[in-house]
Each structure stands twice: as structure tokens, then as C-alpha cells.
Amino acid sequence: MVFLHRITRAWKRWRIRRLYNSSEWVKASILAEEHIFCKTNDLFARDIVIRCMYNQQNWNGVLEFAKRFPLEQNKILADRARGKIGDDGEALPERFSLIEWDDVNLLENWYQYGDTVWWRHPWGWTHWIMPAGFQLSNIHPSLLALATKVLIKPWVPESTKIVTERRGFGTKLALSFSGGMDSMAAALLLPTDTILSYHERSFPSLLSHDLPIRLFDEIKQRWGRDVLQVPSNHEKIRTNHGKQVGFSTDYAAGVHLILLADYLNLGGIAFGTPMDNIWLQKGRKFRDFKESWHWNYWVKEFANAGLHLVMPINHISEAGAIKICQQSDLIESINSCLRGRAGKFCGKCWKCFHKNGPLGRKIDPMSNEIQILLHKIPLRTAQHALWAIQRMGLEYVVPHLSKELIQPLDWWEKAYAPGLDLIQRPWRTTIQENTEKFIPYMENPELLHEVNLFSDYPL
Ligand SMILES: [Zn+2]
């Protein structure tokens, strides 16, 4: 029996090592975690876990783990990780190094040092570099509560129970602005005094800020408007849960604006989320968004913090957003490609396929990434991708989608009038007027209500 156990453990070590050697950090780490207290595999498993964190650039995770298991080789990795934190531009101030996550008073985890806001979460630290004059001590507790929720609700259910007094609504509106097509369409529909603000990922990754930064310069030159840029590393929080770098929840993209709401006197935060992600579930099945749990929950949470949650292009598809941007004087500078360098888009990524291709920009539909995603069923962002295929006349590349491409999809470029009801006054009036300047309404909104693509596959 003992012999059998030994063999099983050796086999598990072999499996973990194989995953690790194939750079499958997430899978290797999940399996190794199961053995960190095992009598025979503990040292091996701890070594794999910390090395996986290191390879995923989860520096805070490495520091935490080395503190928990102070082995010599872990200390070496922790030292290296400490050096890497500097890559973000900001290293944790010494005075915060011993502070732990306060799991009783969740709002007591926020700190400021100079222009940097530091937030202690259960797995480490995150920071934002704020504009000059920002004072954390002046901000309303309901804003800290909302920021906490959008950052860790999926993993810390207690965060949903934070209760604070209500904040009164401010008077200004800000748009969480990425510089891509959808964001630009939103900026073109909103009033011209809307504050534009960019969350700037502050650590090195595949994502390039090159194209958005060039656009911001153009916006300044032609429109005389500034884009407020707030660097932060909060997209790393998810990596503590085996996920890729990205936003913790849909509204984490605007968390810098939640923190700046008092500073900017905000009464609303707008997000450039298109019809594809609002009125369609996973971009392929209609839902009545107004009645959804998601909408009703977050509208209430934002309102408690004195903020309207504004969806200025909920009635516009990604195709409609392209049509709107096409009519802007900035069209040459608008680009959704996240891999652009030296002012050029890559032409090989999925964004280039469905955003740049339909604009007539030169892309390579046979690139590896585009081919893999075109052959993945259910098709990603299906309704829009089908429209893009039709628009570019690429039906011959996807014979397996011929059934989905029988009907003409021009209606997808038009606005969905019932969506205007989702937008609060006073912004609704301007958005409606501007929408009508750019694109017509769908003659038959039923076509949207009937969308149910790849229905054999669960959502
Ligand atoms: Zn691209």
C-alpha cells in the first residue's frame, strides 16, 4: 500500500513538472497547490507554486508566498520580485511593508503616499498614480466601498456587505476612455464637456499604449481636450486567482474615476460598452438587459456612491461604432489594435480583424490568431464577427459558417432605439440628437430580439 502511494506521488510530481516545463503556469500551480502540505511532495510543490507566480510576474504573490514559507530559495525569488515591483514605476513604501489586509473594516485598507494611492488587498498591494492635489483623506467612504466592490467582489463576497452613508451626486460626467473605436463612438455621442480618462496599465505586457497615446495628442490638438491618464497595476489582482491579467469586474476599467469622483465632482461615470455586450449575452443571444440582475445591482451600487452608471452606446453595435468613428475628423488616428507600434496597427489580431478590416484597412485574415478564432465554435463576439465577415466579403474563408451568413446583416450597423431609455437624463437628449446625426435606427428591432446564435452551445 505504502509502495502504491509512493508511485502515485511520483506520478503526480511527473505530471506537475511536465506542465511546468511546457510553461502551463496556471495548471501546474493549481495542481501543485494541492501538495504544499503533503509529507513527501511539499518542498517540490512549494517550489513549483512560487516559480509559477514568478513566471506570471505575480510579484506580490511571490512576496506573500515567501513570507508564508521562508525557505532559502523562496527568499532569493522574493528579493528578485521586490526588484521587479520597481518596473511599475512605484515600489511599496517601507512604512507599509508590515501592514496586513484588514478583513473586518474593509474600508481601512486604503493609503496614500505622495501622489500614489496604495490599496492593501488579501493577496498583496495595488496602486494608482493620481493627479497632483488628490487627497485620499477627503474622499467619501461610499466611493472607497464601490471601488472595493468592483475590484474584489468575485473573490471576497463580504465586500458586497459594506454599508456606508450615501454620497450626493456631483455635476460632471466622465468617460472611462480606452481610445478604441467603442470608446471614441461614446465620446462622439456624449456632450463635449465630458471628462475623458484613460486607465493606463503600468507594467510591461503585450499591450501597447502607442496608438491610444497618439490619439490623445490628436484630441488635444484638434479638439483642445485633455485625456486624464491614471497609471495603475490593478489588472494584476486577478492573477492571484489563476486568471490572465485583466479587469476584476466589468466596471474595474473605471475604478480610477470612482476614486477621483470627489476630486472631479462627478455625478456619473460612462462606459463605452456596445450593444454586443449589453443587449446580447456573450455577443450571441438577446437578453432584456434592463431587467437583468447585473444592471439593477450595479446601478444601485453606483447610485449609493452618488454616481449614475451611464451606457452611452448601449444602443449601438460595434459595427455602428465603426460607422460613427468613420465620420469623425480623427478617424485616421482611431484604432482598437492593442499591439500597435510606431503608429501602425498589427493587422493580425482579432481586434484588427473585426474593427480595422471593415474600415477597409489592410489586415491578414489568414494570420494564426484570426484563423484560430474564426474556426472556434461558438464564434467569439459572434453577431459582430459574422457582420464583419460579410462586410469584408470573406465568406469563402469560413465555409463552416455558411448557415449563419445566409441573411444580410446590414441592420446590425443601425441604432436600437429602445436602448435610449437606459440612458439617464440629461445625457439622453444629447446622445439621441448625436446618434441621429450619425446613423439611422433599425427599422425592425425584432431582428435583434431574435438573435440566438450557436444555440446548441451553453452560454
Ligand atoms: Zn492588431
# chains A, B, ... in the order shown; residues from 1 in each chain; ligands from 1

call {"tool": "residues_near_ligand", "arguments": {"ligand": "ligand 1", "cutoff": "9 Å", "atoms": "only C-alpha atoms and all ligand atoms", "output": "list in words"}}
result
Asn335, Ser336, Cys337, Leu338, Arg339, Gly340, Lys344, Phe345, Cys346, Gly347, Lys348, Cys349, Trp350, Lys351, Cys352, Phe353, Asn356 and Ile363 of chain A

call {"tool": "select_by_dssp", "arguments": {"residues": "segment 116-187 of chain A", "states": "alpha helix (DSSP H)", "output": "list in words"}}
result
Pro141, Ser142, Leu143, Leu144, Ala145, Leu146, Ala147, Thr148, Lys149, Val150, Leu151, Ile152, Met181, Asp182, Ser183, Met184, Ala185, Ala186 and Ala187 of chain A

call {"tool": "closest_atom_pairs", "arguments": {"of": "segment 264-313 of chain A", "to": "segment 420-431 of chain A", "cutoff": "12 Å", "atoms": "only C-alpha atoms", "output": "JSON lines"}}
result
{"residue": "A:Gly267", "atom": "CA", "partner": "A:Gln424", "partner_atom": "CA", "distance": 11.2}
{"residue": "A:Gly268", "atom": "CA", "partner": "A:Gln424", "partner_atom": "CA", "distance": 9.6}
{"residue": "A:Ile269", "atom": "CA", "partner": "A:Gln424", "partner_atom": "CA", "distance": 11.4}
{"residue": "A:Ala270", "atom": "CA", "partner": "A:Ile423", "partner_atom": "CA", "distance": 9.9}
{"residue": "A:Phe271", "atom": "CA", "partner": "A:Ile423", "partner_atom": "CA", "distance": 11.5}
{"residue": "A:Met275", "atom": "CA", "partner": "A:Leu420", "partner_atom": "CA", "distance": 11.3}
{"residue": "A:Ile278", "atom": "CA", "partner": "A:Leu422", "partner_atom": "CA", "distance": 10.7}
{"residue": "A:Trp279", "atom": "CA", "partner": "A:Leu422", "partner_atom": "CA", "distance": 11.0}
{"residue": "A:Asp288", "atom": "CA", "partner": "A:Leu422", "partner_atom": "CA", "distance": 11.2}
{"residue": "A:Phe289", "atom": "CA", "partner": "A:Leu422", "partner_atom": "CA", "distance": 9.1}
{"residue": "A:Lys290", "atom": "CA", "partner": "A:Leu422", "partner_atom": "CA", "distance": 7.1}
{"residue": "A:Glu291", "atom": "CA", "partner": "A:Leu422", "partner_atom": "CA", "distance": 10.7}
{"residue": "A:Trp295", "atom": "CA", "partner": "A:Leu422", "partner_atom": "CA", "distance": 9.9}
{"residue": "A:Asn296", "atom": "CA", "partner": "A:Leu422", "partner_atom": "CA", "distance": 11.2}
{"residue": "A:Val299", "atom": "CA", "partner": "A:Leu422", "partner_atom": "CA", "distance": 10.7}
{"residue": "A:Ala303", "atom": "CA", "partner": "A:Gln424", "partner_atom": "CA", "distance": 11.9}
{"residue": "A:Leu307", "atom": "CA", "partner": "A:Gln424", "partner_atom": "CA", "distance": 11.2}
{"residue": "A:His308", "atom": "CA", "partner": "A:Gln424", "partner_atom": "CA", "distance": 7.6}
{"residue": "A:Leu309", "atom": "CA", "partner": "A:Gln424", "partner_atom": "CA", "distance": 8.5}
{"residue": "A:Val310", "atom": "CA", "partner": "A:Ile423", "partner_atom": "CA", "distance": 6.1}
{"residue": "A:Met311", "atom": "CA", "partner": "A:Ile423", "partner_atom": "CA", "distance": 6.2}
{"residue": "A:Pro312", "atom": "CA", "partner": "A:Ile423", "partner_atom": "CA", "distance": 6.6}
{"residue": "A:Ile313", "atom": "CA", "partner": "A:Ile431", "partner_atom": "CA", "distance": 8.6}

call {"tool": "select_by_dssp", "arguments": {"residues": "segment 255-320 of chain A", "states": "strand (DSSP E or B)", "output": "list in words"}}
result
Leu266, Gly267, Gly268, Ile269, Ala270, Phe271, Leu280, Gln281, Lys285, Phe286, His308, Leu309 and Val310 of chain A

call {"tool": "write_last_selection", "arguments": {"atoms": "C-alpha atoms", "output": "mmCIF file, in the first residue's frame"}}
result
data_model
loop_
_atom_site.group_PDB
_atom_site.id
_atom_site.type_symbol
_atom_site.label_atom_id
_atom_site.label_comp_id
_atom_site.auth_asym_id
_atom_site.auth_seq_id
_atom_site.Cartn_x
_atom_site.Cartn_y
_atom_site.Cartn_z
ATOM 1 C CA LEU A 266 -18.560 63.558 -10.759
ATOM 2 C CA GLY A 267 -22.252 62.694 -10.887
ATOM 3 C CA GLY A 268 -21.787 59.912 -13.413
ATOM 4 C CA ILE A 269 -19.288 57.568 -14.996
ATOM 5 C CA ALA A 270 -19.833 56.412 -18.573
ATOM 6 C CA PHE A 271 -18.531 53.193 -20.106
ATOM 7 C CA LEU A 280 -26.652 40.324 -26.229
ATOM 8 C CA GLN A 281 -25.306 37.702 -23.873
ATOM 9 C CA LYS A 285 -28.155 35.742 -27.581
ATOM 10 C CA PHE A 286 -30.617 38.564 -26.894
ATOM 11 C CA HIS A 308 -25.010 57.449 -12.434
ATOM 12 C CA LEU A 309 -23.832 54.413 -14.360
ATOM 13 C CA VAL A 310 -24.110 55.690 -17.932
#

call {"tool": "residues_around", "arguments": {"residues": "Met184 of chain A", "least_positions_apart": "2", "cutoff": "9 Å", "atoms": "only C-alpha atoms", "output": "PyMOL selection string"}}
result
chain A and resi 177-182+186-189+272+321+324-325+334

call {"tool": "atom_distance", "arguments": {"atom1": "atom CA of Cys52 of chain A", "atom2": "atom CA of Ser29 of chain A"}}
result
6.1 Å

call {"tool": "closest_residue", "arguments": {"among": "A:Gln326, A:Gln244, A:Thr148, A:Ser333", "to": "Gln57 of chain A", "atoms": "only C-alpha atoms"}}
result
A:Gln244

call {"tool": "residues_around", "arguments": {"residues": "Pro418 of chain A", "least_positions_apart": "6", "cutoff": "10 Å", "atoms": "only C-alpha atoms", "output": "count of residues only"}}
result
4

call {"tool": "closest_atom_pairs", "arguments": {"of": "segment 159-237 of chain A", "to": "segment 114-119 of chain A", "cutoff": "10 Å", "atoms": "only C-alpha atoms", "output": "tab-separated table"}}
result
residue	atom	partner	partner_atom	distance
A:Pro231	CA	A:Thr116	CA	9.8
A:Ser232	CA	A:Val117	CA	9.5
A:His234	CA	A:Trp119	CA	9.4

call {"tool": "residues_around", "arguments": {"residues": "segment 400-406 of chain A", "least_positions_apart": "5", "cutoff": "9 Å", "atoms": "only C-alpha atoms", "output": "list of chain:residue names"}}
result
A:His375, A:Leu386, A:Trp387, A:Ile389, A:Gln390, A:Glu395, A:Leu453, A:Phe454

call {"tool": "write_last_selection", "arguments": {"atoms": "C-alpha atoms", "output": "PDB file, in the first residue's frame"}}
result
ATOM      1  CA  HIS A 375     -12.707  28.290 -36.571  1.00  0.00           C
ATOM      2  CA  LEU A 386     -20.493  37.491 -38.772  1.00  0.00           C
ATOM      3  CA  TRP A 387     -21.268  41.053 -39.833  1.00  0.00           C
ATOM      4  CA  ILE A 389     -17.079  38.622 -42.420  1.00  0.00           C
ATOM      5  CA  GLN A 390     -19.998  39.701 -44.638  1.00  0.00           C
ATOM      6  CA  GLU A 395     -17.439  34.175 -46.691  1.00  0.00           C
ATOM      7  CA  LEU A 453     -26.577  32.103 -32.463  1.00  0.00           C
ATOM      8  CA  PHE A 454     -24.922  28.735 -31.838  1.00  0.00           C
TER       9      PHE A 454
END

call {"tool": "atom_distance", "arguments": {"atom1": "atom CA of Ile370 of chain A", "atom2": "atom CA of Ser176 of chain A"}}
result
27.8 Å

call {"tool": "closest_atom_pairs", "arguments": {"of": "segment 283-394 of chain A", "to": "segment 217-223 of chain A", "cutoff": "12 Å", "atoms": "only C-alpha atoms", "output": "JSON lines"}}
result
{"residue": "A:Ser328", "atom": "CA", "partner": "A:Arg222", "partner_atom": "CA", "distance": 11.2}
{"residue": "A:Asp329", "atom": "CA", "partner": "A:Arg222", "partner_atom": "CA", "distance": 8.6}
{"residue": "A:Leu330", "atom": "CA", "partner": "A:Glu218", "partner_atom": "CA", "distance": 7.3}
{"residue": "A:Ile331", "atom": "CA", "partner": "A:Glu218", "partner_atom": "CA", "distance": 10.4}
{"residue": "A:Glu332", "atom": "CA", "partner": "A:Glu218", "partner_atom": "CA", "distance": 10.0}
{"residue": "A:Ser333", "atom": "CA", "partner": "A:Glu218", "partner_atom": "CA", "distance": 7.5}
{"residue": "A:Ile334", "atom": "CA", "partner": "A:Glu218", "partner_atom": "CA", "distance": 9.7}

call {"tool": "write_last_selection", "arguments": {"atoms": "N, CA and C atoms", "output": "PDB file, in the first residue's frame"}}
result
ATOM      1  N   SER A 328     -15.738  60.846 -38.067  1.00  0.00           N
ATOM      2  CA  SER A 328     -15.008  61.792 -37.220  1.00  0.00           C
ATOM      3  C   SER A 328     -13.766  62.318 -37.934  1.00  0.00           C
ATOM      4  N   ASP A 329     -13.391  63.567 -37.606  1.00  0.00           N
ATOM      5  CA  ASP A 329     -12.176  64.132 -38.200  1.00  0.00           C
ATOM      6  C   ASP A 329     -10.922  63.419 -37.678  1.00  0.00           C
ATOM      7  N   LEU A 330     -11.108  62.566 -36.647  1.00  0.00           N
ATOM      8  CA  LEU A 330      -9.948  61.883 -36.062  1.00  0.00           C
ATOM      9  C   LEU A 330      -9.792  60.454 -36.565  1.00  0.00           C
ATOM     10  N   ILE A 331     -10.621  60.048 -37.540  1.00  0.00           N
ATOM     11  CA  ILE A 331     -10.656  58.631 -37.919  1.00  0.00           C
ATOM     12  C   ILE A 331      -9.281  58.029 -38.205  1.00  0.00           C
ATOM     13  N   GLU A 332      -8.390  58.805 -38.821  1.00  0.00           N
ATOM     14  CA  GLU A 332      -7.071  58.249 -39.146  1.00  0.00           C
ATOM     15  C   GLU A 332      -6.297  57.847 -37.893  1.00  0.00           C
ATOM     16  N   SER A 333      -6.623  58.451 -36.769  1.00  0.00           N
ATOM     17  CA  SER A 333      -5.877  58.162 -35.529  1.00  0.00           C
ATOM     18  C   SER A 333      -6.615  57.185 -34.616  1.00  0.00           C
ATOM     19  N   ILE A 334      -7.872  56.834 -34.969  1.00  0.00           N
ATOM     20  CA  ILE A 334      -8.634  55.932 -34.092  1.00  0.00           C
ATOM     21  C   ILE A 334      -8.295  54.499 -34.466  1.00  0.00           C
TER      22      ILE A 334
END

call {"tool": "decode", "arguments": {"residues": "segment 245-286 of chain A", "atoms": "N, CA and C atoms", "output": "compact mmCIF listing (two decimals), in the first residue's frame"}}
result
# COMPACT_ATOMS: atom_id res chain seq x y z
N VAL A 245 -3.96 38.54 -16.72
CA VAL A 245 -4.03 39.96 -16.38
C VAL A 245 -5.30 40.56 -17.01
N GLY A 246 -6.04 41.37 -16.27
CA GLY A 246 -7.25 41.98 -16.83
C GLY A 246 -8.10 42.59 -15.72
N PHE A 247 -9.32 43.00 -16.08
CA PHE A 247 -10.17 43.67 -15.10
C PHE A 247 -10.91 42.65 -14.22
N SER A 248 -11.00 42.96 -12.93
CA SER A 248 -11.66 42.05 -11.97
C SER A 248 -13.15 41.92 -12.28
N THR A 249 -13.80 43.04 -12.60
CA THR A 249 -15.22 43.03 -12.95
C THR A 249 -15.40 44.00 -14.14
N ASP A 250 -16.61 44.04 -14.71
CA ASP A 250 -16.86 44.89 -15.87
C ASP A 250 -16.52 46.36 -15.61
N TYR A 251 -16.71 46.81 -14.37
CA TYR A 251 -16.55 48.24 -14.11
C TYR A 251 -15.20 48.60 -13.50
N ALA A 252 -14.32 47.60 -13.34
CA ALA A 252 -12.99 47.89 -12.80
C ALA A 252 -12.20 48.79 -13.75
N ALA A 253 -12.58 48.78 -15.03
CA ALA A 253 -11.89 49.65 -16.00
C ALA A 253 -12.05 51.12 -15.62
N GLY A 254 -13.07 51.43 -14.81
CA GLY A 254 -13.30 52.82 -14.44
C GLY A 254 -13.03 53.08 -12.96
N VAL A 255 -12.30 52.18 -12.30
CA VAL A 255 -12.11 52.36 -10.85
C VAL A 255 -11.34 53.63 -10.53
N HIS A 256 -10.45 54.05 -11.44
CA HIS A 256 -9.72 55.31 -11.19
C HIS A 256 -10.68 56.49 -11.13
N LEU A 257 -11.77 56.41 -11.92
CA LEU A 257 -12.75 57.51 -11.89
C LEU A 257 -13.61 57.46 -10.63
N ILE A 258 -13.85 56.26 -10.12
CA ILE A 258 -14.58 56.15 -8.84
C ILE A 258 -13.74 56.86 -7.76
N LEU A 259 -12.43 56.56 -7.76
CA LEU A 259 -11.55 57.17 -6.75
C LEU A 259 -11.44 58.70 -6.96
N LEU A 260 -11.60 59.14 -8.20
CA LEU A 260 -11.45 60.57 -8.50
C LEU A 260 -12.78 61.33 -8.47
N ALA A 261 -13.87 60.65 -8.10
CA ALA A 261 -15.20 61.25 -8.24
C ALA A 261 -15.36 62.55 -7.45
N ASP A 262 -14.82 62.60 -6.23
CA ASP A 262 -14.92 63.85 -5.46
C ASP A 262 -14.00 64.91 -6.04
N TYR A 263 -12.81 64.49 -6.40
CA TYR A 263 -11.79 65.40 -6.96
C TYR A 263 -12.33 66.08 -8.22
N LEU A 264 -13.10 65.30 -9.05
CA LEU A 264 -13.60 65.83 -10.31
C LEU A 264 -15.07 66.28 -10.23
N ASN A 265 -15.67 66.16 -9.04
CA ASN A 265 -17.08 66.48 -8.83
C ASN A 265 -18.00 65.70 -9.77
N LEU A 266 -17.80 64.38 -9.81
CA LEU A 266 -18.56 63.56 -10.76
C LEU A 266 -19.95 63.18 -10.24
N GLY A 267 -20.91 63.19 -11.17
CA GLY A 267 -22.25 62.69 -10.89
C GLY A 267 -22.55 61.49 -11.74
N GLY A 268 -21.58 61.09 -12.57
CA GLY A 268 -21.79 59.91 -13.41
C GLY A 268 -20.49 59.44 -14.04
N ILE A 269 -20.43 58.13 -14.26
CA ILE A 269 -19.29 57.57 -15.00
C ILE A 269 -19.86 56.79 -16.17
N ALA A 270 -19.34 57.09 -17.37
CA ALA A 270 -19.83 56.41 -18.57
C ALA A 270 -18.82 55.36 -19.02
N PHE A 271 -19.36 54.27 -19.56
CA PHE A 271 -18.53 53.19 -20.11
C PHE A 271 -18.94 52.97 -21.57
N GLY A 272 -17.95 52.81 -22.45
CA GLY A 272 -18.25 52.62 -23.88
C GLY A 272 -18.53 51.16 -24.21
N THR A 273 -19.49 50.57 -23.48
CA THR A 273 -19.84 49.17 -23.74
C THR A 273 -20.90 49.13 -24.85
N PRO A 274 -20.63 48.42 -25.96
CA PRO A 274 -21.59 48.44 -27.07
C PRO A 274 -22.73 47.43 -26.89
N MET A 275 -23.72 47.54 -27.78
CA MET A 275 -24.89 46.65 -27.80
C MET A 275 -24.51 45.18 -27.70
N ASP A 276 -23.40 44.82 -28.34
CA ASP A 276 -22.94 43.42 -28.36
C ASP A 276 -22.83 42.81 -26.97
N ASN A 277 -22.40 43.64 -25.99
CA ASN A 277 -22.19 43.11 -24.64
C ASN A 277 -23.28 43.52 -23.69
N ILE A 278 -24.23 44.33 -24.17
CA ILE A 278 -25.31 44.77 -23.29
C ILE A 278 -26.59 44.02 -23.61
N TRP A 279 -27.08 44.19 -24.83
CA TRP A 279 -28.35 43.57 -25.18
C TRP A 279 -28.16 42.13 -25.66
N LEU A 280 -26.92 41.73 -25.89
CA LEU A 280 -26.65 40.32 -26.23
C LEU A 280 -25.81 39.70 -25.12
N GLN A 281 -26.12 38.45 -24.83
CA GLN A 281 -25.31 37.70 -23.87
C GLN A 281 -24.20 37.04 -24.66
N LYS A 282 -22.96 37.23 -24.20
CA LYS A 282 -21.79 36.70 -24.90
C LYS A 282 -21.78 37.05 -26.39
N GLY A 283 -22.43 38.14 -26.75
CA GLY A 283 -22.43 38.57 -28.15
C GLY A 283 -23.23 37.69 -29.08
N ARG A 284 -24.09 36.78 -28.50
CA ARG A 284 -24.80 35.88 -29.42
C ARG A 284 -26.24 35.52 -29.04
N LYS A 285 -26.74 36.03 -27.91
CA LYS A 285 -28.15 35.74 -27.58
C LYS A 285 -28.78 36.97 -26.93
N PHE A 286 -29.96 37.37 -27.43
CA PHE A 286 -30.62 38.56 -26.89
C PHE A 286 -31.02 38.36 -25.43
